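Raw contents of query_14.tsv, TSV, C-alpha atoms:
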chain	number	residue	atom	x	y	z
O	1	MET	CA	-63.09	-8.42	27.32
O	2	ARG	CA	-62.84	-10.76	30.30
O	3	VAL	CA	-59.44	-10.69	31.97
O	4	THR	CA	-58.75	-14.15	33.31
O	5	ASN	CA	-56.07	-15.29	35.72
O	6	THR	CA	-54.41	-17.07	32.79
O	7	ILE	CA	-54.04	-13.81	30.84
O	8	ILE	CA	-52.70	-12.04	33.91
O	9	THR	CA	-50.21	-14.83	34.50
O	10	ARG	CA	-48.95	-14.91	30.92
O	11	THR	CA	-48.64	-11.15	30.74
O	12	SER	CA	-46.73	-11.04	33.99
O	13	GLN	CA	-44.39	-13.83	32.91
O	14	LEU	CA	-43.73	-12.08	29.58
O	15	ARG	CA	-42.83	-8.83	31.32
O	16	LEU	CA	-40.58	-10.65	33.76
O	17	GLN	CA	-38.83	-12.45	30.89
O	18	GLN	CA	-38.34	-9.17	29.03
O	19	GLY	CA	-36.91	-7.58	32.15
O	20	LEU	CA	-34.57	-10.51	32.70
O	21	GLN	CA	-33.45	-10.40	29.04
O	22	GLY	CA	-32.70	-6.69	29.43
O	23	ILE	CA	-30.56	-7.41	32.47
O	24	ASP	CA	-28.71	-10.21	30.66
O	25	ARG	CA	-28.09	-7.93	27.67
O	26	VAL	CA	-26.56	-5.20	29.82
O	27	ARG	CA	-24.46	-7.78	31.66
O	28	ASP	CA	-23.17	-9.07	28.32
O	29	ASP	CA	-22.40	-5.50	27.24
O	30	ILE	CA	-20.31	-5.00	30.36
O	31	ALA	CA	-18.60	-8.40	30.11
O	32	THR	CA	-17.67	-8.12	26.41
O	33	GLY	CA	-17.23	-4.37	26.19
O	34	ILE	CA	-19.40	-4.41	23.05
O	35	ARG	CA	-22.97	-3.22	22.92
O	36	ILE	CA	-23.76	-4.07	19.29
O	37	ARG	CA	-23.30	-7.73	18.42
O	38	ARG	CA	-26.18	-8.06	15.96
O	39	MET	CA	-27.82	-5.69	13.49
O	40	SER	CA	-31.03	-5.99	15.53
O	41	ASP	CA	-29.28	-4.40	18.52
O	42	ASP	CA	-29.13	-1.04	16.70
O	43	ALA	CA	-29.97	-1.02	13.00
O	44	THR	CA	-28.66	2.51	12.36
O	45	ALA	CA	-25.36	2.02	14.18
O	46	GLY	CA	-25.08	-1.48	12.69
O	47	GLY	CA	-25.29	-0.04	9.18
O	48	GLU	CA	-22.53	2.43	10.02
O	49	LEU	CA	-20.38	-0.40	11.36
O	50	VAL	CA	-20.79	-2.32	8.11
O	51	ARG	CA	-19.65	0.73	6.13
O	52	ILE	CA	-16.70	1.25	8.49
O	53	GLY	CA	-15.66	-2.38	8.05
O	54	SER	CA	-15.74	-1.99	4.26
O	55	SER	CA	-13.69	1.21	4.47
O	56	MET	CA	-11.09	-0.42	6.70
O	57	ARG	CA	-10.70	-3.36	4.32
O	58	ALA	CA	-10.12	-0.87	1.50
O	59	LEU	CA	-7.56	0.97	3.63
O	60	ASN	CA	-5.69	-2.28	4.24
O	61	GLN	CA	-5.44	-2.81	0.48
O	62	PHE	CA	-4.34	0.79	-0.05
O	63	ARG	CA	-1.67	0.30	2.63
O	64	ARG	CA	-0.34	-2.84	0.97
O	65	ASN	CA	-0.24	-1.04	-2.39
O	66	ALA	CA	1.51	1.99	-0.92
O	67	GLN	CA	4.07	-0.18	0.86
O	68	MET	CA	4.72	-2.11	-2.35
O	69	GLY	CA	5.00	1.11	-4.33
O	70	PHE	CA	7.34	2.61	-1.75
O	71	ALA	CA	9.59	-0.47	-1.94
O	72	ARG	CA	9.65	-0.37	-5.75
O	73	ALA	CA	10.33	3.37	-5.84
O	74	THR	CA	13.11	3.06	-3.26
O	75	ALA	CA	14.67	0.17	-5.19
O	76	GLU	CA	14.69	2.26	-8.38
O	77	GLU	CA	16.14	5.26	-6.55
O	78	THR	CA	19.05	3.06	-5.42
O	79	VAL	CA	19.62	1.79	-8.97
O	80	LEU	CA	19.45	5.32	-10.37
O	81	GLY	CA	22.06	6.44	-7.87
O	82	GLN	CA	24.41	3.66	-9.00
O	83	PHE	CA	23.66	4.40	-12.64
O	84	SER	CA	24.38	8.08	-12.11
O	85	ASP	CA	27.75	7.23	-10.55
O	86	THR	CA	28.50	4.96	-13.51
O	87	LEU	CA	27.86	7.75	-16.01
O	88	THR	CA	29.91	10.19	-13.97
O	89	ARG	CA	32.85	7.81	-13.99
O	90	ALA	CA	32.46	7.21	-17.72
O	91	ALA	CA	32.50	10.97	-18.42
O	92	GLU	CA	35.64	11.35	-16.31
O	93	LEU	CA	37.30	8.58	-18.31
O	94	GLY	CA	36.23	10.33	-21.50
O	95	VAL	CA	37.96	13.51	-20.42
O	96	THR	CA	41.12	11.52	-19.70
O	97	ALA	CA	40.90	9.68	-23.01
O	98	ALA	CA	40.47	12.95	-24.93
O	99	ASN	CA	43.57	14.47	-23.37
O	100	GLY	CA	46.29	15.07	-25.91
O	101	THR	CA	48.91	13.50	-23.66
O	102	THR	CA	47.06	10.18	-23.46
O	103	ASP	CA	48.53	7.57	-25.79
O	104	ASN	CA	46.67	4.80	-27.60
O	105	SER	CA	47.67	2.04	-25.18
O	106	THR	CA	46.29	4.05	-22.26
O	107	ARG	CA	43.10	4.65	-24.19
O	108	GLN	CA	42.65	0.91	-24.65
O	109	VAL	CA	42.89	0.45	-20.90
O	110	ILE	CA	40.25	3.15	-20.52
O	111	LYS	CA	38.10	1.41	-23.15
O	112	ALA	CA	38.21	-1.79	-21.10
O	113	GLU	CA	36.83	0.08	-18.09
O	114	ILE	CA	34.18	1.75	-20.24
O	115	ASP	CA	33.11	-1.70	-21.44
O	116	GLN	CA	32.84	-2.82	-17.82
O	117	LEU	CA	30.69	0.20	-17.04
O	118	LEU	CA	28.46	-0.65	-20.01
O	119	ASP	CA	28.10	-4.21	-18.75
O	120	LEU	CA	27.29	-2.90	-15.27
O	121	SER	CA	24.63	-0.62	-16.73
O	122	ALA	CA	22.96	-3.55	-18.46
O	123	ARG	CA	22.97	-5.49	-15.20
O	124	LEU	CA	21.38	-2.51	-13.46
O	125	GLY	CA	18.71	-2.56	-16.16
O	126	ASN	CA	18.04	-6.19	-15.26
O	127	THR	CA	17.66	-5.51	-11.55
O	128	ARG	CA	15.20	-7.92	-9.97
O	129	PHE	CA	12.49	-6.95	-7.52
O	130	GLY	CA	11.17	-10.10	-5.93
O	131	ASP	CA	10.20	-12.44	-8.73
O	132	GLU	CA	10.04	-9.63	-11.30
O	133	TYR	CA	12.42	-7.39	-13.21
O	134	LEU	CA	12.12	-3.87	-11.85
O	135	PHE	CA	12.46	-2.21	-15.26
O	136	GLY	CA	10.58	-4.81	-17.30
O	137	GLY	CA	7.41	-2.73	-17.63
O	138	THR	CA	4.40	-4.85	-18.56
O	139	ARG	CA	6.72	-7.80	-19.29
O	140	SER	CA	8.24	-7.79	-15.85
O	141	THR	CA	8.83	-11.57	-15.76
O	142	GLU	CA	11.29	-11.32	-18.67
O	143	LYS	CA	14.85	-9.96	-18.61
O	144	PRO	CA	14.64	-6.58	-20.39
O	145	PHE	CA	18.26	-6.09	-21.52
O	146	THR	CA	20.87	-8.27	-23.19
O	147	GLU	CA	23.92	-9.12	-21.11
O	148	PRO	CA	26.57	-8.31	-22.16
O	149	PRO	CA	25.26	-5.48	-24.34
O	150	PRO	CA	25.70	-6.07	-28.11
O	151	ALA	CA	28.25	-4.12	-30.10
O	152	THR	CA	25.52	-2.91	-32.47
O	153	GLY	CA	21.75	-2.92	-32.69
O	154	SER	CA	19.11	-3.00	-29.94
O	155	PHE	CA	20.02	-3.35	-26.29
O	156	SER	CA	16.67	-5.01	-25.54
O	157	ALA	CA	16.37	-8.72	-24.82
O	158	LEU	CA	12.58	-8.63	-25.25
O	159	MET	CA	11.26	-10.07	-28.50
O	160	LEU	CA	7.98	-9.70	-30.36
O	161	ALA	CA	7.32	-11.62	-33.57
O	162	GLY	CA	11.05	-12.35	-33.79
O	163	ASN	CA	12.09	-8.71	-33.45
O	164	PRO	CA	13.54	-6.95	-30.39
O	165	VAL	CA	11.20	-4.54	-28.62
O	166	ASP	CA	11.99	-2.03	-25.89
O	167	PRO	CA	10.47	-2.40	-22.40
O	168	SER	CA	7.21	-0.50	-22.17
O	169	GLY	CA	4.32	0.12	-19.81
O	170	ASN	CA	4.34	0.67	-16.07
O	171	THR	CA	2.83	-0.83	-12.94
O	172	THR	CA	0.07	1.37	-11.50
O	173	LEU	CA	-1.09	1.07	-7.89
O	174	GLU	CA	-4.14	2.53	-6.18
O	175	ILE	CA	-3.11	4.09	-2.86
O	176	GLY	CA	-6.37	5.91	-2.13
O	177	ASP	CA	-9.89	6.37	-3.44
O	178	ASN	CA	-9.31	6.96	-7.18
O	179	LYS	CA	-5.70	7.94	-6.40
O	180	PHE	CA	-3.20	6.02	-8.52
O	181	VAL	CA	0.58	6.17	-8.59
O	182	THR	CA	3.25	4.74	-10.87
O	183	PRO	CA	6.04	3.67	-8.49
O	184	ASN	CA	8.89	3.28	-10.99
O	185	HIS	CA	9.96	3.84	-14.59
O	186	ASN	CA	10.43	1.15	-17.19
O	187	GLY	CA	13.76	0.27	-18.79
O	188	THR	CA	13.18	2.38	-21.88
O	189	GLN	CA	12.64	5.52	-19.83
O	190	VAL	CA	15.74	4.99	-17.68
O	191	PHE	CA	18.32	3.40	-19.96
O	192	LEU	CA	17.27	4.23	-23.52
O	193	ASP	CA	15.39	7.54	-23.51
O	194	THR	CA	18.21	9.08	-21.46
O	195	ASP	CA	20.68	8.00	-24.22
O	196	ALA	CA	22.83	6.48	-21.47
O	197	LEU	CA	23.50	3.02	-22.92
O	198	ALA	CA	24.02	4.38	-26.42
O	199	ALA	CA	26.42	7.06	-25.10
O	200	LEU	CA	28.45	4.45	-23.22
O	201	ARG	CA	28.69	2.28	-26.32
O	202	GLU	CA	29.66	5.28	-28.43
O	203	MET	CA	32.38	6.16	-25.94
O	204	SER	CA	33.76	2.63	-26.15
O	205	ASP	CA	33.75	2.73	-29.96
O	206	ALA	CA	35.32	6.21	-30.08
O	207	ILE	CA	38.13	5.24	-27.75
O	208	GLY	CA	38.64	1.99	-29.66
O	209	ALA	CA	39.01	4.03	-32.86
O	210	ASN	CA	41.44	6.41	-31.08
O	211	ASP	CA	39.26	9.27	-32.39
O	212	VAL	CA	39.73	12.25	-30.05
O	213	PRO	CA	36.95	14.52	-31.48
O	214	ARG	CA	34.56	11.59	-31.32
O	215	ILE	CA	35.61	10.88	-27.72
O	216	THR	CA	34.92	14.50	-26.82
O	217	ALA	CA	31.46	14.33	-28.39
O	218	ALA	CA	30.72	11.07	-26.56
O	219	THR	CA	31.79	12.67	-23.29
O	220	GLN	CA	29.20	15.41	-23.77
O	221	ARG	CA	26.56	12.78	-24.56
O	222	LEU	CA	27.38	11.07	-21.27
O	223	ARG	CA	27.03	14.35	-19.39
O	224	ASN	CA	23.64	14.95	-20.98
O	225	ALA	CA	22.58	11.39	-20.13
O	226	HIS	CA	23.73	11.96	-16.54
O	227	SER	CA	21.54	15.08	-16.34
O	228	SER	CA	18.56	13.05	-17.60
O	229	VAL	CA	19.15	10.37	-14.99
O	230	GLN	CA	19.40	13.04	-12.29
O	231	ALA	CA	15.99	14.31	-13.38
O	232	LEU	CA	14.60	10.79	-12.95
O	233	ILE	CA	16.10	10.66	-9.46
O	234	GLY	CA	14.18	13.85	-8.65
O	235	THR	CA	10.99	12.26	-9.96
O	236	GLN	CA	11.55	9.20	-7.79
O	237	GLY	CA	12.12	11.37	-4.74
O	238	ALA	CA	8.74	13.01	-5.33
O	239	ARG	CA	7.08	9.61	-5.77
O	240	ILE	CA	8.60	8.30	-2.55
O	241	ASN	CA	7.36	11.37	-0.69
O	242	GLU	CA	3.90	10.90	-2.19
O	243	MET	CA	3.70	7.30	-1.00
O	244	GLU	CA	5.06	8.18	2.43
O	245	ASP	CA	2.33	10.84	2.71
O	246	ALA	CA	-0.24	8.28	1.54
O	247	LEU	CA	0.84	5.85	4.26
O	248	VAL	CA	0.55	8.58	6.90
O	249	ASN	CA	-2.92	9.54	5.63
O	250	ILE	CA	-3.99	5.89	5.68
O	251	GLU	CA	-2.85	5.54	9.29
O	252	ASN	CA	-4.70	8.72	10.29
O	253	THR	CA	-7.87	7.68	8.48
O	254	GLU	CA	-7.73	4.22	10.02
O	255	PHE	CA	-7.35	5.74	13.49
O	256	ASP	CA	-10.38	7.97	12.90
O	257	LEU	CA	-12.44	5.00	11.68
O	258	LYS	CA	-11.43	2.87	14.67
O	259	THR	CA	-12.40	5.71	17.01
O	260	PHE	CA	-15.77	6.11	15.28
O	261	ARG	CA	-16.33	2.35	15.38
O	262	SER	CA	-15.49	2.28	19.07
O	263	ASP	CA	-17.95	5.09	19.75
O	264	LEU	CA	-20.69	3.19	17.93
O	265	ARG	CA	-19.99	-0.35	19.10
O	266	ASP	CA	-18.20	-0.32	22.42
O	267	THR	CA	-19.90	-0.18	25.81
O	268	GLU	CA	-19.56	2.80	28.12
O	269	VAL	CA	-19.08	0.79	31.29
O	270	ASP	CA	-20.11	3.48	33.76
O	271	LYS	CA	-23.29	4.18	31.81
O	272	ALA	CA	-23.99	0.45	31.45
O	273	MET	CA	-23.56	-0.07	35.22
O	274	VAL	CA	-26.15	2.61	35.93
O	275	GLU	CA	-28.49	1.02	33.41
O	276	LEU	CA	-27.94	-2.43	34.96
O	277	VAL	CA	-28.80	-1.18	38.45
O	278	GLY	CA	-31.93	0.47	37.08
O	279	LYS	CA	-33.07	-2.67	35.26
O	280	GLN	CA	-32.39	-4.85	38.30
O	281	THR	CA	-34.45	-2.49	40.46
O	282	LEU	CA	-37.33	-2.55	37.99
O	283	TYR	CA	-37.11	-6.32	37.72
O	284	GLN	CA	-37.28	-6.73	41.47
O	285	ALA	CA	-40.25	-4.37	41.65
O	286	ALA	CA	-41.96	-6.27	38.84
O	287	MET	CA	-41.41	-9.58	40.62
O	288	SER	CA	-42.84	-8.16	43.83
O	289	ALA	CA	-45.90	-6.76	42.03
O	290	THR	CA	-46.41	-10.01	40.13
O	291	SER	CA	-46.27	-12.08	43.28
O	292	ARG	CA	-48.98	-9.93	44.86
O	293	ILE	CA	-51.17	-10.05	41.74
O	294	LEU	CA	-50.88	-13.80	41.29
O	295	GLY	CA	-51.60	-14.32	45.00
O	296	LEU	CA	-55.02	-12.74	44.71
O	297	SER	CA	-58.08	-15.06	44.76
O	298	LEU	CA	-61.82	-14.65	44.45
O	299	ALA	CA	-62.03	-14.07	48.19
O	300	ASN	CA	-60.02	-10.84	47.77
O	301	TYR	CA	-62.75	-9.40	45.57
O	302	LEU	CA	-65.65	-10.38	47.87

Turn this file's structure into structure tokens for me.
Amino acid sequence: MRVTNTIITRTSQLRLQQGLQGIDRVRDDIATGIRIRRMSDDATAGGELVRIGSSMRALNQFRRNAQMGFARATAEETVLGQFSDTLTRAAELGVTAANGTTDNSTRQVIKAEIDQLLDLSARLGNTRFGDEYLFGGTRSTEKPFTEPPPATGSFSALMLAGNPVDPSGNTTLEIGDNKFVTPNHNGTQVFLDTDALAALREMSDAIGANDVPRITAATQRLRNAHSSVQALIGTQGARINEMEDALVNIENTEFDLKTFRSDLRDTEVDKAMVELVGKQTLYQAAMSATSRILGLSLANYL
């Protein structure tokens, strides 16, 4: 193969361009602090960066879910505390009403307070969380309980086919890979399954009837309901702790991913400076060699 001056010139220019591009790339790495800006810069590291980006987007969603769940769980814990105090007060009034020295007129005053506590309990059941009802279950946009509570029949304000139905279902949030949590109970679990609303209404009816044995029985029902609500408070405490732990784990995982991403993507300035000096030296040597080669003529070979 005959090597012409044209081939020599083109080859030399190509090598000089490649050397200059290498210098520009290292300069950009130093200026931006990032060594991988395109997949072609490092296909293996680029693939890892794509996976890290996907993981961090998932973590952001998990964080939002955990924060939402924490807020819902904390809101329920507050309501449960108020509800527990309500039942405690109602039981105390029951003891007073069942006392043999309490006359009928005093019992009617106590009944009025019991009715107020029942109304308060229904309002607690209709606590709003943002644009939703905290205890509405799967029908969280609808008020779950009738205010004021009816004298007989269902406490629920939810209707299905013309009939009242109790709140049901729960909101479930994903706070980690395949890790789901239910941040709060529905109205049935808190206000109906605990027998709290029914016990309050029974206490009101018993006092209204001036029936001491019935008042005593209603007082025990209220104590049992209080114990059930306390158990729910314990459950909420565990849920809050779980979501707090999830938030801490998310922060730790995100930190690890950011560190890994930095190791893959970011420029080590001291190393890049050494590389830049080396490439500049090679480029200068290449330019010097090219100038000597291109300066040769036929006379040099004779």

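Among the candidate residues O:Ser84, O:Ser204, O:Thr216, O:Thr138, the one lying nearest to O:Glu113 is O:Ser204, with distances computed using all atoms listed in the file.
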
Using all atoms listed in the file, which of O:Ala58, O:Leu80, O:Val109, O:Val212 sits nearest O:Ile175?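 The shortest atom-to-atom distance to O:Ile175 comes from O:Ala58.
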
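Atom CA of O:Asp195 to atom CA of O:Arg72 spans 23.1 Å [interatomic distance, one decimal].
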
Residue nearest O:Glu132 - candidates O:Ser105, O:Ser228, O:Thr219, O:Thr171, atoms counted: all atoms listed in the file: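 For O:Glu132, the nearest of the given residues is O:Thr171.
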
Using all atoms listed in the file for the distances, tell me which of O:Ile207, O:Leu257, O:Ala198, O:Ala75 is nearest to O:Met56.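 Answer, going by the shortest atom-to-atom distance: O:Leu257.
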
Skipping near chain neighbours, those fewer than 3 positions away, what residues fall within 9 Å of O:Ala98 using all atoms listed in the file, listed as a list of chain:residue names?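 My reading of the contact set: O:Leu93, O:Gly94, O:Val95, O:Thr101, O:Thr102, O:Arg107, O:Ile207, O:Asp211, O:Val212, O:Pro213, O:Arg214, O:Ile215, O:Thr216, O:Thr219.
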
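Distance-wise, atom CA of O:Pro183 and atom CA of O:Pro144 end up 17.9 Å apart.
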
Which residues, protein or nucleic acid, reach to within 10 Å of (29.4, -3.7, -20.5) in the file's coordinates when using only C-alpha atoms, and can you give that as an MDAnalysis selection string? chainID O and resid 112:123 147:151 197 200:201 204

Which residue of O:Gly125, O:Gly81, O:Gly69, O:Pro164 approaches O:Asn184 most closely, using all atoms listed in the file: O:Gly69

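If all atoms listed in the file are the atoms counted, then among O:Asn60, O:Asn252, O:Ser140, O:Asn104 the closest residue to O:Thr127 is O:Ser140.
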
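We find atom CA of O:Gly234 and atom CA of O:Gly187 to be spaced 17.0 Å apart.
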
May I have the residues within 6 Å of O:Pro167 as JSON, numbers by chain, using all atoms listed in the file and disregarding those fewer than 5 positions away in the same chain? {"O": [136, 137, 187, 188]}

Using only C-alpha atoms, please write the residues we just selected to a file, as a short mmCIF file (atom, residue, chain, number, x, y, z; two decimals), in the frame of the given file.
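Result file follows (again04.cif):
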data_model
loop_
_atom_site.label_atom_id
_atom_site.label_comp_id
_atom_site.auth_asym_id
_atom_site.auth_seq_id
_atom_site.Cartn_x
_atom_site.Cartn_y
_atom_site.Cartn_z
CA GLY O 136 10.58 -4.81 -17.30
CA GLY O 137 7.41 -2.73 -17.63
CA GLY O 187 13.76 0.27 -18.79
CA THR O 188 13.18 2.38 -21.88
#

Near O:Gly208, counting only C-alpha atoms, which residues have an atom at most 7 Å away, once you skip same-chain residues fewer than 2 positions from it, shown as a PyMOL selection string? chain O and resi 108+111+204-206+210

How would you write as a PyMOL selection string the residues that get within 10 Å of (23.1, 14.4, -19.5) in the file's frame, counting all atoms listed in the file? chain O and resi 84+87-88+194-196+199+219-231

I want to know what sits within 12 Å of O:Phe255, based on all atoms listed in the file, with residues of the same chain fewer than 6 positions away left out; could you give that as a ChimeraX atom specification? /O:52,55-56,59,248-249,261-262
